[in-house]
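Chemist: Got a structure here, written out as structure tokens. Questions coming.
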Amino acid sequence: MTLEPCSHHGKSPPCADAIVAAGVSTVVSALEDPNPEVAGTGHARLRAAGISVRSGVGALEAARVHAGHCCRITENRPAVTLKLAISADGKVGRAGRRPIAITAERARDRVHRLRAMHDAVAIGIGTALADDPLLTCRLPGMDRRSPIRVVVDSELRLPLGGRLAASAGEFPLWILASETASPDREASLRARGAEIMRLPTAAPGRLELRAAMHLLAQRGITRVLLEGGPILAAAMLAENLVEEAALFHSEMTIGPDGLDALEGMPLSALTGSPPFQCVDREMLGPDRLDTFVRA
Ligand SMILES: NC(=O)c1ccc[n+]([C@@H]2O[C@H](COP(=O)([O-])OP(=O)(O)OC[C@H]3O[C@@H](n4cnc5c(N)ncnc54)[C@H](OP(=O)(O)O)[C@@H]3O)[C@@H](O)[C@H]2O)c1
């Protein structure tokens with residue numbers, strides 16, 4: 001089992017009781033459930049019934065699978081995967097924040113697969129203004145697996161005619177804004193189908209990101225794919241709100257005036273030191289995907 005069987009009555013009776021009743025002799029389990037209603041009591045119930053229990057097998061892999069559940073229980077927020085496409089010279093965009101395609105088709109397909117594996121995809125308004133992205137999953141037949149699109153936009157600057165607002169009636173769009181952003185802008189974006197959620201600010205133009213994550217958790221989001229630019233990516237890392245990073249490396253170079261991957265911090269803050277460790281490396285055509293996980 002990848003997670004300890006539960007020992008309490010929730011929507012269904014305790015799984016541990018069902019295992020005992022089934023006459024199982026040995027249980028191999030990866031992870032103790034951090035839910036205080038379980039927290040070891042599921043394993044204990046099995047042992048009390050004479051079942052041999054080995055726990056902790058494949059714990060790192062299981063922690064990745066259950067990151068959403070574990071973050072919700074322990075920190076009341078979703079687990080966050082940071083995605084960045086990075087040029088060979090360590091850049092994620094061109095000077096002047098002009099858009100550029102850094103990776104090739106296979107890597108882009110993988111990003112769409114990642115979208116389908118997360119409940120929400122989040123960007124900052126800087127990325128919305130620069131790239132005008134749609135943020136849906138456009139793999140064949142998978143558009144219904146598109147995540148909820150979230151824009152961190154304290155002053156509600158999202159263009160009404162952009163692709164995000166224009167598609168809000170079809171694919172959910174949540175905009176996180178400050179308590180002081182214009183009510184008229186809110187009304188116009190709502191008319192397009194977007195939902196506006198107000199949050200306190202930590203500084204001018206800087207929404208409280210931990211509060212933002214709590215809000216998403218309250219709305220049922222357990223996994224967020226962070227596809228924002230260097231400002232939001234660095235801010236989320238600085239707040240310890242990132243569990244995993246999917247770094248797509250390309251052979252293209254952008255040049256010294258390009259945008260660094262993380263605003264005000266070297267990429268090595270993520271790749272070069274604990275708590276993150278590289279757990280997987282995969283070639284995707286000309287590009288390479290490195291996956292880092294917080295230990
Ligand atoms: N290669 C890649 O993987 C990749 C991915 C995404 C973007 N990009 C590139 O990155 C560039 C855009 O980057 P960016 O850094 O300007 O955009 P961003 O990180 O997506 O958005 C930053 C904006 O988010 C808002 N924000 C609100 N609260 C915040 C908080 N607590 N912390 C941080 N930001 C907060 C701020 O605008 P307000 O003050 O108005 O709220 C801030 O300026 C473009 O060139 C784009 O092409 C590259």
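Quick note on naming: the chains in the structure tokens go A, B, ... in the order shown, residues restart at 1 in each chain, and ligands are numbered from 1 in order of appearance.
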Would you list the contacts of stretch 11-22 of chain A as a list in words, taking every protein, DNA or RNA residue within 9 Å and counting only C-alpha atoms, but skipping same-chain residues closer than 2 positions in sequence?
Modeler: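 Contacts, with the query itself left out: Glu4, Pro5, Cys6, Ser7, His8, His9, Val24, Ser25, Val27, Gly42, His43, Arg45, Leu46, Ala49, Gly50 and Ile51 of chain A.
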Chemist: Can you write just those residues out, all heavy atoms, as a compact mmCIF listing (two decimals), in the first residue's frame?
Modeler:
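Result file out05.txt:
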# COMPACT_ATOMS: atom_id res chain seq x y z
N GLU A 4 -0.73 4.36 4.59
CA GLU A 4 -1.30 3.60 5.71
C GLU A 4 -2.83 3.52 5.59
O GLU A 4 -3.48 4.52 5.30
CB GLU A 4 -0.94 4.34 7.02
CG GLU A 4 -1.54 3.72 8.26
CD GLU A 4 -1.20 4.54 9.50
OE1 GLU A 4 -0.75 5.69 9.37
OE2 GLU A 4 -1.41 4.00 10.60
N PRO A 5 -3.42 2.33 5.80
CA PRO A 5 -4.88 2.25 5.73
C PRO A 5 -5.50 3.04 6.89
O PRO A 5 -4.95 3.09 7.98
CB PRO A 5 -5.16 0.75 5.87
CG PRO A 5 -3.96 0.19 6.57
CD PRO A 5 -2.79 1.05 6.16
N CYS A 6 -6.65 3.64 6.61
CA CYS A 6 -7.27 4.48 7.65
C CYS A 6 -7.89 3.60 8.74
O CYS A 6 -8.18 2.43 8.53
CB CYS A 6 -8.30 5.42 7.05
SG CYS A 6 -9.79 4.57 6.55
N SER A 7 -8.08 4.23 9.90
CA SER A 7 -8.62 3.49 11.05
C SER A 7 -9.87 4.17 11.60
O SER A 7 -10.32 3.85 12.67
CB SER A 7 -7.54 3.45 12.15
OG SER A 7 -7.08 4.78 12.37
N HIS A 8 -10.39 5.15 10.84
CA HIS A 8 -11.54 5.91 11.34
C HIS A 8 -12.69 5.83 10.32
O HIS A 8 -12.48 5.47 9.16
CB HIS A 8 -11.16 7.37 11.58
CG HIS A 8 -10.73 8.08 10.32
ND1 HIS A 8 -9.57 7.77 9.66
CD2 HIS A 8 -11.32 9.07 9.61
CE1 HIS A 8 -9.45 8.54 8.58
NE2 HIS A 8 -10.50 9.33 8.53
N HIS A 9 -13.87 6.17 10.80
CA HIS A 9 -15.03 6.21 9.91
C HIS A 9 -15.08 7.55 9.20
O HIS A 9 -15.19 8.59 9.84
CB HIS A 9 -16.34 6.01 10.70
CG HIS A 9 -16.53 4.60 11.13
ND1 HIS A 9 -17.29 3.70 10.40
CD2 HIS A 9 -16.04 3.90 12.19
CE1 HIS A 9 -17.27 2.52 11.00
NE2 HIS A 9 -16.52 2.62 12.09
N VAL A 24 -5.83 -11.06 5.41
CA VAL A 24 -4.48 -10.80 4.87
C VAL A 24 -3.45 -11.11 5.96
O VAL A 24 -3.66 -10.80 7.13
CB VAL A 24 -4.38 -9.31 4.43
CG1 VAL A 24 -2.96 -8.93 4.08
CG2 VAL A 24 -5.33 -9.07 3.26
N SER A 25 -2.30 -11.73 5.58
CA SER A 25 -1.32 -12.08 6.62
C SER A 25 -0.19 -11.05 6.72
O SER A 25 0.38 -10.85 7.80
CB SER A 25 -0.73 -13.46 6.35
OG SER A 25 -0.06 -13.45 5.09
N VAL A 27 1.20 -7.03 5.42
CA VAL A 27 0.95 -5.76 4.73
C VAL A 27 2.28 -5.03 4.59
O VAL A 27 3.02 -4.88 5.57
CB VAL A 27 -0.05 -4.88 5.51
CG1 VAL A 27 -0.09 -3.47 4.95
CG2 VAL A 27 -1.45 -5.50 5.46
N GLY A 42 -3.70 3.05 12.05
CA GLY A 42 -4.08 2.05 11.04
C GLY A 42 -3.13 0.87 11.09
O GLY A 42 -3.55 -0.30 11.14
N HIS A 43 -1.82 1.18 11.09
CA HIS A 43 -0.83 0.10 11.19
C HIS A 43 -0.99 -0.65 12.51
O HIS A 43 -0.91 -1.89 12.56
CB HIS A 43 0.59 0.69 11.11
CG HIS A 43 0.97 1.16 9.73
ND1 HIS A 43 1.91 2.15 9.51
CD2 HIS A 43 0.54 0.77 8.51
CE1 HIS A 43 2.04 2.34 8.20
NE2 HIS A 43 1.22 1.53 7.57
N ARG A 45 -3.63 -1.12 14.29
CA ARG A 45 -4.80 -2.00 14.28
C ARG A 45 -4.49 -3.31 13.55
O ARG A 45 -4.92 -4.39 13.96
CB ARG A 45 -5.99 -1.28 13.63
CG ARG A 45 -7.28 -2.02 13.87
CD ARG A 45 -8.47 -1.25 13.39
NE ARG A 45 -8.72 -0.04 14.18
CZ ARG A 45 -9.86 0.61 14.18
NH1 ARG A 45 -10.88 0.16 13.48
NH2 ARG A 45 -10.03 1.70 14.90
N LEU A 46 -3.72 -3.19 12.45
CA LEU A 46 -3.34 -4.41 11.71
C LEU A 46 -2.47 -5.31 12.59
O LEU A 46 -2.69 -6.52 12.67
CB LEU A 46 -2.58 -4.03 10.43
CG LEU A 46 -3.31 -3.16 9.40
CD1 LEU A 46 -2.41 -2.90 8.19
CD2 LEU A 46 -4.61 -3.82 8.94
N ALA A 49 -4.16 -7.23 15.19
CA ALA A 49 -4.93 -8.38 14.68
C ALA A 49 -3.99 -9.50 14.23
O ALA A 49 -4.44 -10.47 13.60
CB ALA A 49 -5.82 -7.93 13.53
N GLY A 50 -2.69 -9.34 14.49
CA GLY A 50 -1.74 -10.42 14.17
C GLY A 50 -1.17 -10.34 12.76
O GLY A 50 -0.50 -11.26 12.29
N ILE A 51 -1.44 -9.23 12.06
CA ILE A 51 -0.92 -9.07 10.69
C ILE A 51 0.51 -8.53 10.78
O ILE A 51 0.81 -7.63 11.57
CB ILE A 51 -1.82 -8.11 9.87
CG1 ILE A 51 -3.21 -8.73 9.72
CG2 ILE A 51 -1.21 -7.79 8.52
CD1 ILE A 51 -4.23 -7.82 9.05
Chemist: Please report as a tab-separated table every residue of chain A lying within 8 Å of ligand 1, along with the nearest atom pair and their distance in Å (one decimal), using only C-alpha atoms and all ligand atoms.
Modeler:
residue	atom	partner	partner_atom_place_in_ligand_line	distance
A:Lys83	CA	ligand 1	3 (O)	6.2
A:Leu84	CA	ligand 1	3 (O)	3.4
A:Ala85	CA	ligand 1	3 (O)	3.7
A:Ile86	CA	ligand 1	1 (N)	5.6
A:Ser87	CA	ligand 1	1 (N)	8.0
A:Lys91	CA	ligand 1	1 (N)	7.3
A:Val92	CA	ligand 1	1 (N)	3.7
A:Gly93	CA	ligand 1	45 (O)	4.5
A:Arg94	CA	ligand 1	45 (O)	6.0
A:Ala95	CA	ligand 1	45 (O)	7.5
A:Gly96	CA	ligand 1	45 (O)	7.0
A:Arg97	CA	ligand 1	45 (O)	3.3
A:Arg98	CA	ligand 1	45 (O)	5.1
A:Pro99	CA	ligand 1	47 (O)	4.4
A:Ile100	CA	ligand 1	47 (O)	6.4
A:Ala101	CA	ligand 1	1 (N)	7.9
A:Ile102	CA	ligand 1	1 (N)	6.6
A:Ile123	CA	ligand 1	20 (O)	4.8
A:Gly124	CA	ligand 1	20 (O)	3.2
A:Ile125	CA	ligand 1	21 (O)	4.6
A:Gly126	CA	ligand 1	17 (O)	3.4
A:Thr127	CA	ligand 1	20 (O)	4.0
A:Ala128	CA	ligand 1	20 (O)	6.8
A:Leu129	CA	ligand 1	12 (C)	7.8
A:Ala130	CA	ligand 1	44 (C)	5.1
A:Asp131	CA	ligand 1	47 (O)	5.4
A:Val152	CA	ligand 1	27 (C)	5.1
A:Asp153	CA	ligand 1	41 (O)	4.0
A:Ser154	CA	ligand 1	41 (O)	3.6
A:Glu155	CA	ligand 1	40 (O)	5.3
A:Leu156	CA	ligand 1	40 (O)	7.3
A:Arg157	CA	ligand 1	40 (O)	6.6
A:Ala177	CA	ligand 1	41 (O)	7.3
A:Thr201	CA	ligand 1	31 (N)	7.5
A:Ala202	CA	ligand 1	31 (N)	7.0
A:Ala203	CA	ligand 1	31 (N)	7.9
A:Pro204	CA	ligand 1	39 (O)	7.0
A:Gly205	CA	ligand 1	39 (O)	3.3
A:Arg206	CA	ligand 1	28 (N)	3.5
A:Leu207	CA	ligand 1	28 (N)	3.9
A:Glu208	CA	ligand 1	31 (N)	5.4
A:Leu209	CA	ligand 1	31 (N)	5.3
A:Glu227	CA	ligand 1	5 (C)	5.3
A:Gly228	CA	ligand 1	20 (O)	3.7
A:Gly229	CA	ligand 1	13 (O)	3.5
A:Pro230	CA	ligand 1	15 (O)	4.0
A:Ile231	CA	ligand 1	15 (O)	3.7
A:Leu232	CA	ligand 1	19 (O)	3.7
A:Ala233	CA	ligand 1	19 (O)	6.0
A:Ala234	CA	ligand 1	33 (C)	7.5
A:Ala235	CA	ligand 1	32 (N)	4.9
A:Met236	CA	ligand 1	32 (N)	7.1
A:Phe248	CA	ligand 1	3 (O)	7.9
A:Leu259	CA	ligand 1	45 (O)	7.0
A:Ala261	CA	ligand 1	1 (N)	7.3
A:Glu263	CA	ligand 1	15 (O)	7.0
Chemist: Nearest to A:Arg145: which of A:Pro172, A:Met117, A:Leu267, A:Ala212 is it, counting only C-alpha atoms?
Modeler: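 That would be A:Met117, the residue with the smallest distance to A:Arg145.
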Chemist: Find the distance between atom CA of A:Ala30 and atom CA of A:Ser55 and write it in Å to one decimal.
Modeler: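 Those two atoms sit 5.3 Å apart.
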Chemist: With DSSP run on the backbone, what are the alpha helix (DSSP H) residues within stretch 25-140 of chain A? I'd like them as number ranges by chain.
Modeler: A: 41-48, 59-65, 67-75, 105-116, 125-131
Chemist: For stretch 63-65 of chain A, please output as a CSV table (one decimal) with C-alpha atoms, in the first residue's frame all residues within 10 Å (counting only C-alpha atoms; exclusion window: fewer than 5 positions along the same chain).
Modeler:
chain,number,residue,atom,x,y,z
A,2,THR,CA,1.3,3.5,-0.8
A,3,LEU,CA,-0.4,5.0,2.3
A,30,ALA,CA,5.1,2.9,2.2
A,31,LEU,CA,3.9,5.8,4.3
A,32,GLU,CA,2.3,6.5,7.7
A,58,GLY,CA,9.4,3.2,-1.1
A,70,CYS,CA,0.2,15.4,3.1
A,79,ALA,CA,1.5,20.8,-2.9
A,243,GLU,CA,7.6,20.7,-3.1
A,244,GLU,CA,8.8,19.7,-6.6
A,293,VAL,CA,12.0,17.0,-5.0
A,294,ARG,CA,12.2,18.6,-1.6
A,295,ALA,CA,13.7,16.0,0.7
Chemist: From a DSSP pass on the backbone, collect the residues of stretch 125-184 of chain A flagged as strand (DSSP E) and hand them back as an mmCIF file with N, CA and C atoms, in the first residue's frame.
Modeler:
data_model
loop_
_atom_site.group_PDB
_atom_site.id
_atom_site.type_symbol
_atom_site.label_atom_id
_atom_site.label_comp_id
_atom_site.auth_asym_id
_atom_site.auth_seq_id
_atom_site.Cartn_x
_atom_site.Cartn_y
_atom_site.Cartn_z
ATOM 1 N N ILE A 148 -7.797 24.081 -13.164
ATOM 2 C CA ILE A 148 -8.331 25.426 -12.936
ATOM 3 C C ILE A 148 -7.183 26.414 -13.125
ATOM 4 N N ARG A 149 -7.425 27.473 -13.854
ATOM 5 C CA ARG A 149 -6.356 28.435 -14.139
ATOM 6 C C ARG A 149 -6.397 29.558 -13.105
ATOM 7 N N VAL A 150 -5.250 29.812 -12.487
ATOM 8 C CA VAL A 150 -5.193 30.809 -11.414
ATOM 9 C C VAL A 150 -4.172 31.884 -11.802
ATOM 10 N N VAL A 151 -4.580 33.152 -11.719
ATOM 11 C CA VAL A 151 -3.652 34.253 -12.008
ATOM 12 C C VAL A 151 -3.482 35.087 -10.737
ATOM 13 N N VAL A 152 -2.220 35.287 -10.343
ATOM 14 C CA VAL A 152 -1.893 36.122 -9.182
ATOM 15 C C VAL A 152 -1.735 37.552 -9.714
ATOM 16 N N LEU A 173 -11.439 30.125 -14.454
ATOM 17 C CA LEU A 173 -10.351 31.092 -14.267
ATOM 18 C C LEU A 173 -10.569 31.780 -12.930
ATOM 19 N N TRP A 174 -9.595 31.628 -12.023
ATOM 20 C CA TRP A 174 -9.664 32.294 -10.729
ATOM 21 C C TRP A 174 -8.586 33.363 -10.700
ATOM 22 N N ILE A 175 -8.951 34.554 -10.275
ATOM 23 C CA ILE A 175 -7.963 35.633 -10.202
ATOM 24 C C ILE A 175 -7.810 36.044 -8.740
ATOM 25 N N LEU A 176 -6.565 35.995 -8.253
ATOM 26 C CA LEU A 176 -6.279 36.370 -6.873
ATOM 27 C C LEU A 176 -5.839 37.828 -6.877
ATOM 28 N N ALA A 177 -6.590 38.664 -6.173
ATOM 29 C CA ALA A 177 -6.346 40.111 -6.225
ATOM 30 C C ALA A 177 -6.264 40.678 -4.815
ATOM 31 N N SER A 178 -5.745 41.910 -4.721
ATOM 32 C CA SER A 178 -5.661 42.572 -3.413
ATOM 33 C C SER A 178 -7.050 43.074 -3.012
#
Chemist: Which residues, written as a PyMOL selection string, have at least one atom at most 10 Å from A:Arg110, with only C-alpha atoms counted and residues fewer than 3 positions away on the same chain left out?
Modeler: chain A and resi 105-107+113-116+139+248+284+289
